[in-house]
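Heads up, the thing below is written out as structure tokens.
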Amino acid sequence: MTTTEAGATAPSGETGDTGEAGAAAIVTDHDRGIHGYHKQKDEHLKRLRRIEGQVRGLQRMVDEDVYCIDILTQVSASTKALQSFALQLLEEHLRHCVADAAVKGGAEIDAKVEEATKAIARLLRT
């Protein structure tokens, strides 16, 4: 995460991290559209392709009339792989996006924490 160059101020009408108009604005990677998973993007895509292959394998198993329990075993493996991917993505979100909001403070941190909490709740329902 980086801040603006020394002496740079927020555009007219905007406030910086201190809440005062004209204060130095904090500009982070997140502001530039760089998400927490950016550095591991290639690894994530590789992992998702593996999961995609597992799901295609499930389709093939059904098409070939494989025994139900064998299919369910593979469903479990695919589900676990997706859950593991989701947890990794959540960790990166917390480390990058929520930490980014914490640097800025104010209502933004509250919004990001609420967003992360809702995402965790959705993951727990699965």
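Labels for the structure tokens follow display order: chains A, B, ..., residues from 1 in each chain, ligands from 1.
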
query = Which polymer residues have any atom within 10 Å of an atom of segment 44-50 of chain A, counting only C-alpha atoms, with same-chain residues fewer than 3 positions away left out, as number ranges by chain?
reply = A: 37-41, 53-56, 78, 81-82, 85, 88-89

Export, as an mmCIF file, in the first residue's frame, the selected residues with C-alpha atoms.
data_model
loop_
_atom_site.group_PDB
_atom_site.id
_atom_site.type_symbol
_atom_site.label_atom_id
_atom_site.label_comp_id
_atom_site.auth_asym_id
_atom_site.auth_seq_id
_atom_site.Cartn_x
_atom_site.Cartn_y
_atom_site.Cartn_z
ATOM 1 C CA TYR A 37 -5.583 -11.966 -5.283
ATOM 2 C CA HIS A 38 -3.607 -10.138 -7.992
ATOM 3 C CA LYS A 39 -0.179 -11.491 -6.990
ATOM 4 C CA GLN A 40 -1.457 -15.096 -6.963
ATOM 5 C CA LYS A 41 -3.679 -14.768 -10.028
ATOM 6 C CA GLY A 53 -11.574 -30.639 -14.571
ATOM 7 C CA GLN A 54 -13.000 -32.343 -11.487
ATOM 8 C CA VAL A 55 -16.489 -31.096 -12.345
ATOM 9 C CA ARG A 56 -16.112 -32.289 -15.942
ATOM 10 C CA SER A 78 -14.674 -30.935 -5.677
ATOM 11 C CA ALA A 81 -11.367 -27.835 -3.398
ATOM 12 C CA LEU A 82 -13.807 -24.943 -3.926
ATOM 13 C CA PHE A 85 -10.070 -21.762 -2.824
ATOM 14 C CA GLN A 88 -7.643 -18.459 0.329
ATOM 15 C CA LEU A 89 -9.508 -15.703 -1.508
#

query = In Å, how far is it from atom CA of Ala101 of chain A to atom CA of Thr117 of chain A?
reply =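 These two atoms are separated by 14.5 Å.
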
Between atom CA of Glu52 of chain A and atom CA of Leu72 of chain A, distance in Å (one decimal) =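 Separation of atom CA of Glu52 of chain A and atom CA of Leu72 of chain A: 16.3 Å.
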
inquiry  = Just the number, please: distance in Å from atom CA of Ala121 of chain A to atom CA of Gln83 of chain A, one decimal.
reply    =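 Separation between atom CA of Ala121 of chain A and atom CA of Gln83 of chain A: 13.1 Å.
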
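Comparing A:Glu108, A:Asp63, A:Lys80, A:Ile120 by their smallest distance to Ile51 of chain A, the closest is A:Lys80 (using only C-alpha atoms).
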
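If you count only C-alpha atoms and ignore residues fewer than 6 places along the chain from Asp70 of chain A, what sits within 12 Å of it is Gly57, Leu58, Met61, Val62, Glu64, Ser76 and Ala77 of chain A.
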
Give me a file of those residues, with N, CA, C and O atoms, as a PDB file, in the first residue's frame.
ATOM      1  N   GLY A  57     -15.150 -34.211 -14.831  1.00  0.00           N
ATOM      2  CA  GLY A  57     -15.048 -35.634 -14.499  1.00  0.00           C
ATOM      3  C   GLY A  57     -16.347 -36.155 -13.900  1.00  0.00           C
ATOM      4  O   GLY A  57     -16.755 -37.290 -14.169  1.00  0.00           O
ATOM      5  N   LEU A  58     -17.000 -35.334 -13.088  1.00  0.00           N
ATOM      6  CA  LEU A  58     -18.301 -35.720 -12.528  1.00  0.00           C
ATOM      7  C   LEU A  58     -19.326 -35.932 -13.644  1.00  0.00           C
ATOM      8  O   LEU A  58     -20.095 -36.901 -13.624  1.00  0.00           O
ATOM      9  N   MET A  61     -18.598 -39.179 -15.263  1.00  0.00           N
ATOM     10  CA  MET A  61     -18.992 -40.305 -14.413  1.00  0.00           C
ATOM     11  C   MET A  61     -20.486 -40.571 -14.507  1.00  0.00           C
ATOM     12  O   MET A  61     -20.917 -41.733 -14.599  1.00  0.00           O
ATOM     13  N   VAL A  62     -21.276 -39.510 -14.493  1.00  0.00           N
ATOM     14  CA  VAL A  62     -22.732 -39.681 -14.621  1.00  0.00           C
ATOM     15  C   VAL A  62     -23.059 -40.240 -15.996  1.00  0.00           C
ATOM     16  O   VAL A  62     -23.867 -41.173 -16.125  1.00  0.00           O
ATOM     17  N   GLU A  64     -21.295 -42.096 -17.806  1.00  0.00           N
ATOM     18  CA  GLU A  64     -20.850 -43.494 -17.895  1.00  0.00           C
ATOM     19  C   GLU A  64     -21.524 -44.390 -16.864  1.00  0.00           C
ATOM     20  O   GLU A  64     -21.126 -45.540 -16.693  1.00  0.00           O
ATOM     21  N   SER A  76     -17.601 -34.606  -3.162  1.00  0.00           N
ATOM     22  CA  SER A  76     -17.003 -34.148  -1.915  1.00  0.00           C
ATOM     23  C   SER A  76     -15.622 -33.537  -2.154  1.00  0.00           C
ATOM     24  O   SER A  76     -15.296 -32.482  -1.602  1.00  0.00           O
ATOM     25  N   ALA A  77     -14.830 -34.182  -2.990  1.00  0.00           N
ATOM     26  CA  ALA A  77     -13.487 -33.674  -3.300  1.00  0.00           C
ATOM     27  C   ALA A  77     -13.574 -32.327  -4.018  1.00  0.00           C
ATOM     28  O   ALA A  77     -12.808 -31.394  -3.710  1.00  0.00           O
TER      29      ALA A  77
END
